[in-house]
file final-v6.txt (compact mmCIF, C-alpha atoms (C1' of nucleotides))
# COMPACT_ATOMS: atom_id res chain seq x y z
CA MET D 862 252.18 112.48 88.32
CA GLU D 863 248.45 112.35 87.88
CA GLN D 864 246.76 114.52 85.33
CA ILE D 865 243.97 116.91 86.16
CA ASP D 866 241.13 117.76 83.83
CA GLU D 867 238.80 120.67 83.29
CA ILE D 868 236.40 119.63 86.05
CA ASP D 869 239.23 119.31 88.56
CA LEU D 870 240.28 122.83 87.63
CA GLN D 871 236.76 124.10 88.16
CA LEU D 872 236.65 122.48 91.59
CA LEU D 873 240.02 123.98 92.54
CA ASN D 874 238.91 127.45 91.51
CA ILE D 875 235.67 127.19 93.42
CA LEU D 876 237.32 125.84 96.58
CA HIS D 877 240.08 128.44 96.39
CA ASP D 878 237.40 131.09 96.76
CA ASN D 879 235.10 129.25 99.18
CA SER D 880 235.83 125.89 100.73
CA LYS D 881 232.53 125.67 102.62
CA TYR D 882 230.36 124.41 99.78
CA THR D 883 228.96 120.95 100.42
CA VAL D 884 229.86 118.14 98.07
CA LYS D 885 226.27 118.18 96.86
CA GLU D 886 226.48 121.88 95.99
CA LEU D 887 229.78 121.39 94.21
CA ALA D 888 228.31 118.46 92.30
CA LYS D 889 225.54 120.63 90.94
CA MET D 890 228.02 123.33 89.91
CA VAL D 891 230.11 120.94 87.82
CA ASN D 892 227.21 118.77 86.63
CA LEU D 893 228.18 115.55 88.37
CA SER D 894 226.79 113.54 91.27
CA ALA D 895 228.24 113.72 94.76
CA SER D 896 230.44 110.63 94.75
CA PRO D 897 232.73 111.45 91.82
CA VAL D 898 233.10 115.01 93.14
CA PHE D 899 234.02 113.66 96.55
CA GLU D 900 236.58 111.33 95.00
CA ARG D 901 238.03 114.08 92.84
CA ILE D 902 238.54 116.37 95.82
CA LYS D 903 240.21 113.59 97.82
CA ARG D 904 242.49 112.91 94.88
CA LEU D 905 243.38 116.61 94.58
CA GLU D 906 244.18 116.68 98.30
CA ASN D 907 246.25 113.51 98.18
CA ASN D 908 248.18 114.61 95.12
CA GLY D 909 249.02 117.94 96.73
CA TYR D 910 247.04 120.26 94.49
CA ILE D 911 245.14 121.33 97.58
CA LYS D 912 247.64 122.06 100.35
CA LYS D 913 245.23 122.86 103.15
CA TYR D 914 242.06 124.63 104.20
CA ILE D 915 242.15 127.79 106.29
CA ALA D 916 239.87 130.48 107.70
CA LEU D 917 240.51 134.04 106.58
CA LEU D 918 240.26 136.48 109.48
CA ASP D 919 239.41 140.17 109.55
CA ALA D 920 242.74 141.91 110.18
CA GLU D 921 241.09 145.19 111.15
CA LYS D 922 238.96 143.57 113.85
CA LEU D 923 242.01 141.78 115.21
CA ASN D 924 244.06 144.98 115.36
CA ARG D 925 246.26 144.02 112.46
CA GLY D 926 244.91 146.26 109.71
CA PHE D 927 247.98 148.44 109.24
CA ILE D 928 250.05 146.86 106.45
CA VAL D 929 253.63 147.73 105.57
CA PHE D 930 256.04 146.28 103.04
CA CYS D 931 259.47 146.37 104.56
CA ASN D 932 262.63 145.94 102.48
CA ILE D 933 265.70 144.56 104.18
CA LYS D 934 269.41 144.63 103.43
CA LEU D 935 271.65 142.25 105.33
CA LYS D 936 274.93 143.43 106.86
CA GLN D 937 276.83 140.74 105.01
CA HIS D 938 275.95 138.01 102.55
CA ASP D 939 277.39 134.88 104.06
CA ARG D 940 275.37 131.79 104.87
CA ASN D 941 275.53 132.20 108.63
CA ILE D 942 274.12 135.71 108.59
CA GLY D 943 271.38 134.59 106.20
CA ASN D 944 270.39 131.60 108.28
CA GLN D 945 270.36 133.68 111.44
CA PHE D 946 268.11 136.24 109.76
CA VAL D 947 265.63 133.59 108.61
CA SER D 948 265.57 132.00 112.04
CA ASP D 949 264.94 135.37 113.69
CA ILE D 950 262.13 136.60 111.46
CA MET D 951 260.29 133.30 111.79
CA LYS D 952 259.66 134.11 115.43
CA ILE D 953 258.30 137.62 114.87
CA GLU D 954 254.50 137.48 114.64
CA GLU D 955 254.04 140.83 112.90
CA ILE D 956 255.94 139.49 109.87
CA VAL D 957 253.30 137.58 107.95
CA GLU D 958 255.29 137.03 104.74
CA CYS D 959 258.95 137.19 103.74
CA TYR D 960 260.68 136.69 100.40
CA ASN D 961 264.27 136.55 99.25
CA ILE D 962 264.33 138.93 96.30
CA SER D 963 266.37 140.32 93.43
CA GLY D 964 267.34 143.99 93.26
CA ASP D 965 268.70 146.53 95.69
CA TYR D 966 267.40 144.75 98.79
CA ASP D 967 267.79 141.18 99.99
CA PHE D 968 264.36 140.50 101.48
CA LEU D 969 260.86 141.84 101.19
CA MET D 970 258.58 141.37 104.17
CA LYS D 971 254.89 142.03 104.58
CA VAL D 972 254.24 143.31 108.07
CA SER D 973 250.87 143.45 109.79
CA ALA D 974 250.44 145.83 112.73
CA LYS D 975 247.68 147.63 114.62
CA ASP D 976 248.73 151.15 113.65
CA MET D 977 251.74 153.37 112.99
CA LYS D 978 252.62 153.41 116.66
CA HIS D 979 252.69 149.63 116.77
CA TYR D 980 254.74 149.52 113.56
CA GLN D 981 257.26 151.96 114.98
CA ASP D 982 257.58 149.79 118.06
CA PHE D 983 258.01 146.75 115.82
CA VAL D 984 260.84 148.40 113.85
CA PHE D 985 262.68 149.64 116.91
CA ASN D 986 262.27 146.72 119.26
CA LYS D 987 261.79 143.67 117.08
CA LEU D 988 263.74 144.41 113.90
CA GLY D 989 266.15 146.47 115.99
CA SER D 990 267.25 143.37 117.81
CA VAL D 991 267.88 141.30 114.67
CA GLU D 992 271.65 141.59 114.38
CA SER D 993 271.88 140.45 110.78
CA ILE D 994 269.93 143.42 109.41
CA GLY D 995 271.95 146.17 107.80
CA SER D 996 269.21 148.56 106.73
CA THR D 997 265.48 148.75 106.18
CA GLN D 998 263.08 150.71 104.01
CA SER D 999 259.33 150.87 104.69
CA THR D 1000 256.57 151.22 102.12
CA PHE D 1001 253.17 151.88 103.68
CA VAL D 1002 249.96 150.45 102.29
CA MET D 1003 247.30 153.13 101.91
CA SER D 1004 244.65 150.74 100.65
CA GLU D 1005 244.24 147.19 99.48
CA ILE D 1006 242.97 147.12 95.91
CA LYS D 1007 242.93 143.40 95.17
CA ASN D 1008 243.69 140.28 97.11
CA LEU D 1009 242.68 136.85 95.88
CA TYR D 1010 243.40 135.50 99.35
CA GLY D 1011 241.53 138.21 101.27
CA MET V 1484 230.37 145.35 118.98
CA GLU V 1485 230.70 141.99 120.70
CA GLN V 1486 233.75 141.21 122.75
CA ILE V 1487 235.92 138.17 122.15
CA ASP V 1488 237.74 136.29 124.87
CA GLU V 1489 240.82 134.13 125.14
CA ILE V 1490 239.05 130.98 123.91
CA ASP V 1491 237.68 132.79 120.86
CA LEU V 1492 241.21 133.89 120.09
CA GLN V 1493 242.47 130.32 120.42
CA LEU V 1494 239.80 129.11 118.02
CA LEU V 1495 240.63 131.86 115.52
CA ASN V 1496 244.30 130.99 115.59
CA ILE V 1497 243.62 127.30 115.13
CA LEU V 1498 241.16 127.82 112.27
CA HIS V 1499 243.46 130.32 110.59
CA ASP V 1500 245.99 127.53 110.27
CA ASN V 1501 243.61 124.65 109.59
CA SER V 1502 239.87 124.97 109.15
CA LYS V 1503 239.25 121.24 108.74
CA TYR V 1504 239.19 120.26 112.38
CA THR V 1505 235.84 118.93 113.50
CA VAL V 1506 233.94 120.75 116.23
CA LYS V 1507 234.65 117.82 118.51
CA GLU V 1508 238.40 118.09 117.92
CA LEU V 1509 238.34 121.84 118.49
CA ALA V 1510 236.34 121.30 121.68
CA LYS V 1511 239.04 119.05 123.08
CA MET V 1512 241.76 121.58 122.17
CA VAL V 1513 240.10 124.40 124.12
CA ASN V 1514 238.66 122.22 126.91
CA LEU V 1515 234.99 122.71 126.17
CA SER V 1516 232.19 120.54 124.84
CA ALA V 1517 231.05 120.66 121.23
CA SER V 1518 228.03 122.91 121.54
CA PRO V 1519 229.67 126.03 122.98
CA VAL V 1520 232.49 125.68 120.47
CA PHE V 1521 229.99 125.43 117.66
CA GLU V 1522 228.18 128.51 118.94
CA ARG V 1523 231.39 130.47 119.35
CA ILE V 1524 232.46 129.76 115.79
CA LYS V 1525 229.06 130.78 114.43
CA ARG V 1526 229.27 133.99 116.43
CA LEU V 1527 232.77 134.72 115.13
CA GLU V 1528 231.50 134.17 111.60
CA ASN V 1529 228.41 136.32 112.07
CA ASN V 1530 230.37 139.14 113.69
CA GLY V 1531 232.87 139.16 110.84
CA TYR V 1532 235.97 137.96 112.68
CA ILE V 1533 236.02 135.04 110.27
CA LYS V 1534 235.58 136.37 106.75
CA LYS V 1535 235.52 133.10 104.85
CA TYR V 1536 237.05 129.67 104.42
CA ILE V 1537 239.28 128.85 101.47
CA ALA V 1538 241.48 126.09 100.08
CA LEU V 1539 245.15 126.89 99.59
CA LEU V 1540 246.44 125.50 96.32
CA ASP V 1541 249.93 124.47 95.25
CA ALA V 1542 251.08 127.27 92.94
CA GLU V 1543 253.92 125.21 91.50
CA LYS V 1544 251.65 122.35 90.47
CA LEU V 1545 249.26 124.80 88.87
CA ASN V 1546 252.03 126.49 86.89
CA ARG V 1547 251.98 129.64 88.98
CA GLY V 1548 255.13 129.23 91.04
CA PHE V 1549 257.06 132.18 89.59
CA ILE V 1550 256.37 135.17 91.86
CA VAL V 1551 257.19 138.79 91.03
CA PHE V 1552 256.52 142.01 92.91
CA CYS V 1553 255.76 144.66 90.34
CA ASN V 1554 255.83 148.38 91.20
CA ILE V 1555 253.65 150.69 89.15
CA LYS V 1556 253.65 154.42 88.47
CA LEU V 1557 250.56 155.92 86.87
CA LYS V 1558 250.83 158.36 84.00
CA GLN V 1559 248.82 160.94 85.89
CA HIS V 1560 247.21 161.12 89.30
CA ASP V 1561 243.64 162.08 88.61
CA ARG V 1562 240.64 160.08 89.73
CA ASN V 1563 239.68 158.82 86.28
CA ILE V 1564 243.10 157.36 85.54
CA GLY V 1565 243.13 155.74 88.97
CA ASN V 1566 239.69 154.20 88.60
CA GLN V 1567 240.54 152.93 85.14
CA PHE V 1568 243.71 151.31 86.45
CA VAL V 1569 241.86 149.56 89.26
CA SER V 1570 239.20 148.33 86.89
CA ASP V 1571 241.81 147.00 84.46
CA ILE V 1572 243.98 145.13 86.95
CA MET V 1573 240.94 143.46 88.50
CA LYS V 1574 240.48 141.51 85.29
CA ILE V 1575 244.06 140.28 84.99
CA GLU V 1576 244.37 136.84 86.56
CA GLU V 1577 248.15 136.88 87.01
CA ILE V 1578 247.79 139.79 89.46
CA VAL V 1579 246.92 138.11 92.75
CA GLU V 1580 247.37 141.14 95.01
CA CYS V 1581 247.53 144.89 94.52
CA TYR V 1582 248.09 147.73 97.01
CA ASN V 1583 248.05 151.51 96.79
CA ILE V 1584 251.29 152.51 98.46
CA SER V 1585 253.42 155.37 99.74
CA GLY V 1586 256.82 156.17 98.23
CA ASP V 1587 258.21 156.43 94.72
CA TYR V 1588 255.57 154.20 93.16
CA ASP V 1589 251.79 154.30 93.26
CA PHE V 1590 250.94 150.60 93.41
CA LEU V 1591 252.61 147.37 94.40
CA MET V 1592 251.32 144.20 92.77
CA LYS V 1593 252.10 140.59 93.50
CA VAL V 1594 252.14 138.66 90.23
CA SER V 1595 251.95 134.89 89.89
CA ALA V 1596 253.20 133.34 86.64
CA LYS V 1597 254.44 130.01 85.33
CA ASP V 1598 257.97 131.17 84.55
CA MET V 1599 260.00 134.11 83.27
CA LYS V 1600 258.67 133.61 79.77
CA HIS V 1601 255.11 133.80 81.01
CA TYR V 1602 255.95 136.88 83.09
CA GLN V 1603 257.50 138.59 80.11
CA ASP V 1604 254.38 137.88 78.12
CA PHE V 1605 252.28 139.24 80.99
CA VAL V 1606 254.26 142.51 81.12
CA PHE V 1607 254.16 143.04 77.38
CA ASN V 1608 250.65 141.96 76.54
CA LYS V 1609 248.62 142.45 79.69
CA LEU V 1610 250.26 145.38 81.48
CA GLY V 1611 251.23 146.77 78.10
CA SER V 1612 247.60 147.29 77.23
CA VAL V 1613 246.73 149.10 80.48
CA GLU V 1614 246.75 152.71 79.28
CA SER V 1615 246.95 154.29 82.73
CA ILE V 1616 250.37 152.80 83.55
CA GLY V 1617 253.34 155.14 83.23
CA SER V 1618 256.18 152.87 84.26
CA THR V 1619 256.88 149.57 85.98
CA GLN V 1620 259.68 148.02 88.00
CA SER V 1621 259.93 144.28 88.65
CA THR V 1622 261.39 142.60 91.73
CA PHE V 1623 261.75 138.84 91.36
CA VAL V 1624 261.20 136.40 94.18
CA MET V 1625 264.06 133.93 94.49
CA SER V 1626 262.50 132.02 97.36
CA GLU V 1627 259.65 132.24 99.80
CA ILE V 1628 260.93 132.33 103.38
CA LYS V 1629 257.72 132.74 105.36
CA ASN V 1630 254.05 132.89 104.53
CA LEU V 1631 251.38 132.55 107.18
CA TYR V 1632 248.84 132.03 104.41
CA GLY V 1633 250.86 129.50 102.45
C1' DT S 440 223.87 140.08 150.97
C1' DT S 441 220.07 138.15 148.49
C1' DT S 442 217.54 137.78 144.36
C1' DT S 443 216.91 137.94 139.51
C1' DA S 444 218.25 137.81 134.94
C1' DA S 445 221.38 136.71 131.38
C1' DA S 446 225.05 133.86 129.59
C1' DT S 447 227.33 129.77 129.01
C1' DC S 448 227.92 125.15 129.42
C1' DA S 449 227.14 119.83 128.97
C1' DG S 450 224.82 116.19 127.06
C1' DA S 451 221.11 114.18 124.45
C1' DA S 452 218.41 114.26 120.21
C1' DT S 453 218.01 115.38 115.46
C1' DA S 454 219.30 116.77 110.87
C1' DA S 455 222.58 117.11 107.45
C1' DA S 456 226.67 116.05 105.46
C1' DA S 457 230.52 113.11 104.38
C1' DT S 458 232.04 108.71 103.11
C1' DT S 459 231.66 104.03 101.50
C1' DC S 460 229.89 100.49 98.60
C1' DT S 461 227.69 98.33 94.68
C1' DT S 462 226.28 98.44 90.14
C1' DC S 463 226.32 100.17 85.53
C1' DA S 464 227.99 102.40 81.36
C1' DA S 465 231.58 104.24 78.52
C1' DA S 466 236.14 104.23 76.90
C1' DT S 467 240.38 101.75 75.92
C1' DA S 468 243.10 97.99 75.08
C1' DT S 469 243.55 93.18 73.49
C1' DA Q 901 234.44 91.81 68.84
C1' DT Q 902 235.65 90.96 73.60
C1' DA Q 903 238.00 91.83 77.87
C1' DT Q 904 239.67 95.38 80.98
C1' DT Q 905 239.84 99.62 83.04
C1' DT Q 906 237.92 103.93 84.37
C1' DG Q 907 234.52 106.96 85.99
C1' DA Q 908 229.88 107.79 87.20
C1' DA Q 909 225.27 107.28 89.72
C1' DG Q 910 222.55 106.13 93.53
C1' DA Q 911 221.77 103.70 97.77
C1' DA Q 912 223.49 102.61 102.34
C1' DT Q 913 226.20 103.82 106.16
C1' DT Q 914 228.94 106.55 109.16
C1' DT Q 915 230.31 110.77 110.86
C1' DT Q 916 229.62 115.43 111.73
C1' DA Q 917 227.03 119.52 112.27
C1' DT Q 918 223.24 121.57 114.40
C1' DT Q 919 219.44 122.09 117.55
C1' DC Q 920 217.30 121.62 121.93
C1' DT Q 921 216.81 121.13 126.98
C1' DG Q 922 218.16 121.60 131.46
C1' DA Q 923 221.72 122.81 134.76
C1' DT Q 924 225.29 126.02 136.34
C1' DT Q 925 227.67 129.94 136.54
C1' DT Q 926 228.21 134.88 136.18
C1' DA Q 927 226.71 139.50 136.45
C1' DA Q 928 223.48 142.82 137.69
C1' DA Q 929 219.85 144.57 140.49
C1' DA Q 930 217.45 144.98 144.60

call {"tool": "encode", "arguments": {"input": "final-v6.txt", "output": "structure tokens"}}
result
Amino acid sequence: MEQIDEIDLQLLNILHDNSKYTVKELAKMVNLSASPVFERIKRLENNGYIKKYIALLDAEKLNRGFIVFCNIKLKQHDRNIGNQFVSDIMKIEEIVECYNISGDYDFLMKVSAKDMKHYQDFVFNKLGSVESIGSTQSTFVMSEIKNLYG
Amino acid sequence: MEQIDEIDLQLLNILHDNSKYTVKELAKMVNLSASPVFERIKRLENNGYIKKYIALLDAEKLNRGFIVFCNIKLKQHDRNIGNQFVSDIMKIEEIVECYNISGDYDFLMKVSAKDMKHYQDFVFNKLGSVESIGSTQSTFVMSEIKNLYG
DNA sequence: TTTTAAATCAGAATAAAATTCTTCAAATAT
DNA sequence: ATATTTGAAGAATTTTATTCTGATTTAAAA
């Protein structure tokens, strides 16, 4: 696999925070001309260092500002139950992240809802119809302190 | 505040997943010509629906593929301790997210490290020197199941 | 219902950016 | 020391973003 150098790393850090800089602007920041910067970025994309480019949206404005971390225990720990669970949660739009974790619970999900009422509805009607779930435990976010992706 | 319609919502969903489409491509997807699509996107940016554009990087390739959720209790709950904690964790690069939460702990942090060794070093040397922390509890991620930002 | 004003669109024109290409210089290998 | 490879700069080209104009629709007012 290709190596990356200090300038590549600078470009990655800049683009991770703001991907709208022009190549010319980036070139000035890393003290190069446009063409090598362009080629470096293409190489970083092709080699998979950059996975994709996305727009970050305002969750509050889109009625998704109420964040909850929801811990899940499965009823049983066989492969079928696990696969069914994964398949089910993939379809639920309020679940924006999900991890298989160590500890007392099996999964940790980040859930994004409009408000407590919406979250309650989500737990009853959406999680409630996922057969594989044994129990849940909700941790409510009171405020976001830091988010390198937000 | 401005209203957004169904086409705006389509554009937001598309750009949230991939912000590299050209205006012409987006126009075809929503059955409009380029200029109204361009104007809609500018309006969504100016009204704050789109916060910014970023590149998503491959954590594994950048030696940050070991994810841990770390729960934190503060020593005391006065404003000074809290402010000091926030100020401290802002400077620690391994902490990619941090939330003030309900429940047994005060904060939930998402930590991104190279491996267990790196995480251990992080807990001892970085968290270890944050005076405001009373106790910590680590939950390790075994695999990522879903991530709308990843 | 008719008229007026305000938005929104399409398509052309322009400006800016991305992308390619050629040449040159530095580093590395022979 | 010479050949080869790599990476950069700058110009040329292509593509895209952005602006502008006129037409059409929508909504509001008369």

call {"tool": "calpha_fit_and_write", "arguments": {"input": "final-v6.txt", "fixed": "chain D", "moving": "chain V", "output": "mmCIF file with C-alpha atoms, keeping the file's coordinate frame"}}
result
data_model
loop_
_atom_site.group_PDB
_atom_site.id
_atom_site.type_symbol
_atom_site.label_atom_id
_atom_site.label_comp_id
_atom_site.auth_asym_id
_atom_site.auth_seq_id
_atom_site.Cartn_x
_atom_site.Cartn_y
_atom_site.Cartn_z
ATOM 1 C CA MET V 1484 252.210 112.539 88.259
ATOM 2 C CA GLU V 1485 248.446 112.408 87.846
ATOM 3 C CA GLN V 1486 246.750 114.575 85.288
ATOM 4 C CA ILE V 1487 243.944 116.965 86.139
ATOM 5 C CA ASP V 1488 241.089 117.801 83.816
ATOM 6 C CA GLU V 1489 238.725 120.691 83.283
ATOM 7 C CA ILE V 1490 236.361 119.627 86.085
ATOM 8 C CA ASP V 1491 239.229 119.331 88.563
ATOM 9 C CA LEU V 1492 240.235 122.847 87.618
ATOM 10 C CA GLN V 1493 236.684 124.085 88.165
ATOM 11 C CA LEU V 1494 236.613 122.496 91.603
ATOM 12 C CA LEU V 1495 239.985 124.016 92.508
ATOM 13 C CA ASN V 1496 238.847 127.465 91.486
ATOM 14 C CA ILE V 1497 235.620 127.174 93.433
ATOM 15 C CA LEU V 1498 237.307 125.857 96.583
ATOM 16 C CA HIS V 1499 240.039 128.475 96.355
ATOM 17 C CA ASP V 1500 237.339 131.090 96.750
ATOM 18 C CA ASN V 1501 235.084 129.249 99.188
ATOM 19 C CA SER V 1502 235.844 125.893 100.751
ATOM 20 C CA LYS V 1503 232.557 125.643 102.649
ATOM 21 C CA TYR V 1504 230.375 124.353 99.858
ATOM 22 C CA THR V 1505 229.018 120.893 100.519
ATOM 23 C CA VAL V 1506 229.919 118.065 98.159
ATOM 24 C CA LYS V 1507 226.329 118.071 96.976
ATOM 25 C CA GLU V 1508 226.478 121.770 96.094
ATOM 26 C CA LEU V 1509 229.784 121.327 94.286
ATOM 27 C CA ALA V 1510 228.329 118.360 92.402
ATOM 28 C CA LYS V 1511 225.518 120.502 91.052
ATOM 29 C CA MET V 1512 227.974 123.239 90.000
ATOM 30 C CA VAL V 1513 230.060 120.861 87.879
ATOM 31 C CA ASN V 1514 227.169 118.640 86.731
ATOM 32 C CA LEU V 1515 228.187 115.447 88.470
ATOM 33 C CA SER V 1516 226.857 113.406 91.366
ATOM 34 C CA ALA V 1517 228.325 113.607 94.852
ATOM 35 C CA SER V 1518 230.564 110.564 94.828
ATOM 36 C CA PRO V 1519 232.838 111.434 91.900
ATOM 37 C CA VAL V 1520 233.157 114.972 93.227
ATOM 38 C CA PHE V 1521 234.111 113.638 96.621
ATOM 39 C CA GLU V 1522 236.687 111.342 95.041
ATOM 40 C CA ARG V 1523 238.109 114.101 92.877
ATOM 41 C CA ILE V 1524 238.603 116.390 95.849
ATOM 42 C CA LYS V 1525 240.310 113.642 97.844
ATOM 43 C CA ARG V 1526 242.590 112.974 94.894
ATOM 44 C CA LEU V 1527 243.437 116.666 94.551
ATOM 45 C CA GLU V 1528 244.263 116.751 98.250
ATOM 46 C CA ASN V 1529 246.359 113.591 98.148
ATOM 47 C CA ASN V 1530 248.263 114.712 95.060
ATOM 48 C CA GLY V 1531 249.073 118.051 96.661
ATOM 49 C CA TYR V 1532 247.055 120.360 94.417
ATOM 50 C CA ILE V 1533 245.168 121.400 97.531
ATOM 51 C CA LYS V 1534 247.676 122.164 100.266
ATOM 52 C CA LYS V 1535 245.293 122.940 103.099
ATOM 53 C CA TYR V 1536 242.116 124.691 104.162
ATOM 54 C CA ILE V 1537 242.199 127.855 106.243
ATOM 55 C CA ALA V 1538 239.928 130.538 107.669
ATOM 56 C CA LEU V 1539 240.544 134.101 106.539
ATOM 57 C CA LEU V 1540 240.284 136.528 109.426
ATOM 58 C CA ASP V 1541 239.409 140.218 109.513
ATOM 59 C CA ALA V 1542 242.735 141.967 110.124
ATOM 60 C CA GLU V 1543 241.083 145.231 111.123
ATOM 61 C CA LYS V 1544 238.960 143.615 113.821
ATOM 62 C CA LEU V 1545 242.003 141.823 115.166
ATOM 63 C CA ASN V 1546 244.044 145.026 115.324
ATOM 64 C CA ARG V 1547 246.258 144.086 112.407
ATOM 65 C CA GLY V 1548 244.896 146.324 109.674
ATOM 66 C CA PHE V 1549 247.997 148.493 109.215
ATOM 67 C CA ILE V 1550 250.051 146.900 106.420
ATOM 68 C CA VAL V 1551 253.652 147.779 105.569
ATOM 69 C CA PHE V 1552 256.055 146.330 103.024
ATOM 70 C CA CYS V 1553 259.489 146.394 104.575
ATOM 71 C CA ASN V 1554 262.655 145.972 102.481
ATOM 72 C CA ILE V 1555 265.706 144.542 104.194
ATOM 73 C CA LYS V 1556 269.425 144.597 103.458
ATOM 74 C CA LEU V 1557 271.639 142.199 105.383
ATOM 75 C CA LYS V 1558 274.897 143.341 106.913
ATOM 76 C CA GLN V 1559 276.810 140.669 105.051
ATOM 77 C CA HIS V 1560 275.918 137.954 102.584
ATOM 78 C CA ASP V 1561 277.349 134.813 104.078
ATOM 79 C CA ARG V 1562 275.338 131.714 104.856
ATOM 80 C CA ASN V 1563 275.447 132.095 108.631
ATOM 81 C CA ILE V 1564 274.061 135.624 108.609
ATOM 82 C CA GLY V 1565 271.348 134.524 106.197
ATOM 83 C CA ASN V 1566 270.323 131.516 108.257
ATOM 84 C CA GLN V 1567 270.277 133.593 111.418
ATOM 85 C CA PHE V 1568 268.047 136.174 109.759
ATOM 86 C CA VAL V 1569 265.583 133.542 108.583
ATOM 87 C CA SER V 1570 265.483 131.952 111.999
ATOM 88 C CA ASP V 1571 264.876 135.313 113.678
ATOM 89 C CA ILE V 1572 262.082 136.557 111.430
ATOM 90 C CA MET V 1573 260.232 133.252 111.731
ATOM 91 C CA LYS V 1574 259.572 134.051 115.370
ATOM 92 C CA ILE V 1575 258.234 137.563 114.829
ATOM 93 C CA GLU V 1576 254.449 137.470 114.582
ATOM 94 C CA GLU V 1577 254.018 140.842 112.868
ATOM 95 C CA ILE V 1578 255.907 139.498 109.831
ATOM 96 C CA VAL V 1579 253.261 137.609 107.874
ATOM 97 C CA GLU V 1580 255.262 137.082 104.678
ATOM 98 C CA CYS V 1581 258.920 137.218 103.714
ATOM 99 C CA TYR V 1582 260.654 136.723 100.349
ATOM 100 C CA ASN V 1583 264.262 136.576 99.209
ATOM 101 C CA ILE V 1584 264.345 138.966 96.282
ATOM 102 C CA SER V 1585 266.391 140.363 93.416
ATOM 103 C CA GLY V 1586 267.386 144.033 93.265
ATOM 104 C CA ASP V 1587 268.741 146.556 95.738
ATOM 105 C CA TYR V 1588 267.423 144.749 98.800
ATOM 106 C CA ASP V 1589 267.792 141.177 99.986
ATOM 107 C CA PHE V 1590 264.356 140.513 101.466
ATOM 108 C CA LEU V 1591 260.858 141.885 101.178
ATOM 109 C CA MET V 1592 258.576 141.411 104.167
ATOM 110 C CA LYS V 1593 254.887 142.062 104.547
ATOM 111 C CA VAL V 1594 254.226 143.348 108.058
ATOM 112 C CA SER V 1595 250.842 143.477 109.760
ATOM 113 C CA ALA V 1596 250.428 145.867 112.700
ATOM 114 C CA LYS V 1597 247.676 147.653 114.592
ATOM 115 C CA ASP V 1598 248.741 151.169 113.634
ATOM 116 C CA MET V 1599 251.766 153.372 112.997
ATOM 117 C CA LYS V 1600 252.632 153.387 116.674
ATOM 118 C CA HIS V 1601 252.669 149.614 116.762
ATOM 119 C CA TYR V 1602 254.747 149.513 113.570
ATOM 120 C CA GLN V 1603 257.257 151.927 115.012
ATOM 121 C CA ASP V 1604 257.547 149.747 118.073
ATOM 122 C CA PHE V 1605 257.986 146.706 115.825
ATOM 123 C CA VAL V 1606 260.829 148.348 113.863
ATOM 124 C CA PHE V 1607 262.639 149.547 116.956
ATOM 125 C CA ASN V 1608 262.214 146.616 119.285
ATOM 126 C CA LYS V 1609 261.737 143.584 117.079
ATOM 127 C CA LEU V 1610 263.711 144.341 113.915
ATOM 128 C CA GLY V 1611 266.110 146.369 116.019
ATOM 129 C CA SER V 1612 267.198 143.258 117.846
ATOM 130 C CA VAL V 1613 267.823 141.210 114.682
ATOM 131 C CA GLU V 1614 271.610 141.472 114.433
ATOM 132 C CA SER V 1615 271.862 140.365 110.807
ATOM 133 C CA ILE V 1616 269.903 143.346 109.441
ATOM 134 C CA GLY V 1617 271.955 146.118 107.858
ATOM 135 C CA SER V 1618 269.242 148.522 106.788
ATOM 136 C CA THR V 1619 265.504 148.734 106.226
ATOM 137 C CA GLN V 1620 263.121 150.715 104.054
ATOM 138 C CA SER V 1621 259.382 150.906 104.734
ATOM 139 C CA THR V 1622 256.618 151.268 102.152
ATOM 140 C CA PHE V 1623 253.208 151.921 103.686
ATOM 141 C CA VAL V 1624 249.990 150.535 102.296
ATOM 142 C CA MET V 1625 247.341 153.221 101.915
ATOM 143 C CA SER V 1626 244.684 150.846 100.643
ATOM 144 C CA GLU V 1627 244.271 147.312 99.434
ATOM 145 C CA ILE V 1628 242.998 147.242 95.851
ATOM 146 C CA LYS V 1629 242.953 143.524 95.097
ATOM 147 C CA ASN V 1630 243.685 140.380 97.035
ATOM 148 C CA LEU V 1631 242.660 136.967 95.780
ATOM 149 C CA TYR V 1632 243.352 135.596 99.249
ATOM 150 C CA GLY V 1633 241.510 138.300 101.151
#

call {"tool": "interface_residues", "arguments": {"input": "final-v6.txt", "of": "chain V", "to": "chain D", "cutoff": "7 Å", "atoms": "only C-alpha atoms", "output": "PyMOL selection string"}}
result
chain V and resi 1498-1503+1531-1541+1544+1573+1579-1586+1622-1631

call {"tool": "interface_residues", "arguments": {"input": "final-v6.txt", "of": "chain S", "to": "chain V", "cutoff": "8 Å", "atoms": "all atoms listed in the file", "output": "PyMOL selection string"}}
result
chain S and resi 447-449

call {"tool": "interface_residues", "arguments": {"input": "final-v6.txt", "of": "chain Q", "to": "chain D", "cutoff": "9 Å", "atoms": "only C-alpha atoms (C1' of nucleotides)", "output": "JSON, numbers by chain"}}
result
{"Q": [907, 908, 909, 910]}

call {"tool": "atom_distance", "arguments": {"input": "final-v6.txt", "atom1": "atom C1' of Q:DT914", "atom2": "atom C1' of S:DT459"}}
result
8.5 Å

call {"tool": "atom_distance", "arguments": {"input": "final-v6.txt", "atom1": "atom CA of D:Leu887", "atom2": "atom CA of V:Thr1505"}}
result
20.4 Å

call {"tool": "atom_distance", "arguments": {"input": "final-v6.txt", "atom1": "atom CA of D:Phe927", "atom2": "atom CA of D:Gln981"}}
result
11.5 Å
